[in-house]
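Enquirer: I'd like to ask you about the structure that follows.
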Amino acid sequence: MASQATHTLPPLPYAYDVSYTPAPDRQTALIVDTNNPQALEPVISKQIMELHHQKHHQTYINNLNAALSAQSSATQSNNVPSLIALQQKIRFNGGGHINHSLFWKNLTPPGTPGTDIGGAPALREAILARWGSHEQFIKAFNAELLGIQGSGWGWLVSKGGAKGRLDIVTTKDQDPVNAPDVPVFGVDMWEHAYYLQYLSNKAGYVEGIWKIINWAEAEKRYTAGVENPLKL
Amino acid sequence: MAALLSNSARVALRSGASATSKAGAAGLTFARGKATLPDLSYDYGALEPSISGKIMEIHHKNHHNTYVTNYNNSIEQLQEAQAQGNIAAQIALKPAINFNGGGHLNHTLFWENLAPKSAGGGEPPSGNLSKAIDSTYGSFNEFQSKMNAALASIQGSGWAWLVKDKQTGQIGIRTYANQDPVVGQFEPLLGIDAWEHAYYLQYQNRKVEYFSAIWDVINWKAVEKRFA
């Protein structure tokens, strides 16, 4: 029996809420500086972040691990129908794991240095070259996000690899951005990402998200690519 | 192609209208040629504890109403494109009509196939429909667990429906992505909304609890009328 790598929930690079106190039994959130905890509030509430990270993301990981384990058994028994049947489960749950792992990292608490697009000179230049102005880019990106019919994600991608042509794409459900395209940053447009706070006002969520985009991380991905989103 | 597109939009409306008029409830309503948000035949809070009043209110007043508004806008644009003989514009409108028209049809059917307990919600099906369920699934319980499994298997937003196959008369369970409506070969009998906005304020990620609780407020009398 080949050893099966098990995926685990990655820690958040910030706290769920600004008054977060880590308890010994809560290992899921990593706080760099517990004296100065920072969170995505008020743009994304504590309750959303806890559920989104500990429940939704964790469920994708659990289901991915189960599907990979079943795939391993099916491979050993050469059960091709079973292998084919597992493909969609791996795509959905593996995609969910990849997308959320990328998402947590491409967000940063409001007011932190990462929110300054000045820290992303190469990316900013490419955005201006492609859309003419930052405002035009935001407008185009927001329109794509609000045009999604159902669950999905909006992405800024670098086509064909690092420092490629920039494009705004949407992926449905948990479909990931496929290599060689690089996901520079992504915005989760599933209702679970905003509903408890914004209800049916998804435009309010979309407007707020720009206050917490991590441009430093985006610059890194744009210039150097993303080798494996699960090993960021 | 122009005729095809406008026909498919009309056919979708007609099939929805006939299905709902058979159910004898509000159905699809129009004012000056525009689709309008139908009234509910019960209060927002009447489906509690299965579905909270707050969910019902936002779901009806905001979500459903947005589908109605966007559907009417799409149809207006379609009519302009038809008047101009602009085929490309008519084709480009098809996804918006499917999504928003589907959202309007689906929700209209959904409100009607729900009822408070005091109005018979949750009382199991009887008559021919009950027989069809038993002969297809073995038992009502077995049908419910198959329907719940279908709901839980939806990857993203969508609906699960008990449908009737127009070709064979057989009933079956089918899932539809996003707001894709039940049209064509199949007729909608009972729909359950599996979008997160249908349950999230009350159940959050515990969607299986919502799928289990909703059976207490299913209006099987309305479903039976659609089946007849």
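Chain labels follow the order of the structure tokens: the first chain is A, the next B, and so on; residue numbering restarts at 1 in every chain, and ligands are counted from 1 in their shown order.
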From a DSSP pass on the backbone, collect the residues of chain B flagged as strand (DSSP E) and hand them back as number ranges by chain.
Expert: B: 29-31, 34-36, 158-165, 171-177, 186-193
Enquirer: Give the residues of chain B that lie within 10 Å of chain A; count only C-alpha atoms, and format the answer as a count of residues only.
Expert: 28
Enquirer: Rounded to one decimal place, report the CA of Trp153 (chain A)-CA of Thr170 (chain A) distance in Å.
Expert: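 Distance reported for this atom pair: 5.5 Å.
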Enquirer: Write out as a ChimeraX atom specification each polymer residue whose atoms come within 10 Å of Leu93 (chain B), counting only C-alpha atoms; drop sequence neighbours fewer than 2 positions from it.
Expert: /B:5,74-75,77-78,81,88-91,95-98
Enquirer: Skipping near chain neighbours, those fewer than 2 positions away, what residues fall within 8 Å of region 202-212 of chain A using only C-alpha atoms, listed as a list in words?
Expert: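 So, after excluding close chain neighbours, the residues are Leu40, Val43, Leu107, Thr108, Pro109, Pro110, Gly111, Thr115, Asn142, Leu145, Leu146, Val187, Tyr194, Tyr195, Tyr198, Leu199, Ser200 and Asn214 of chain A.
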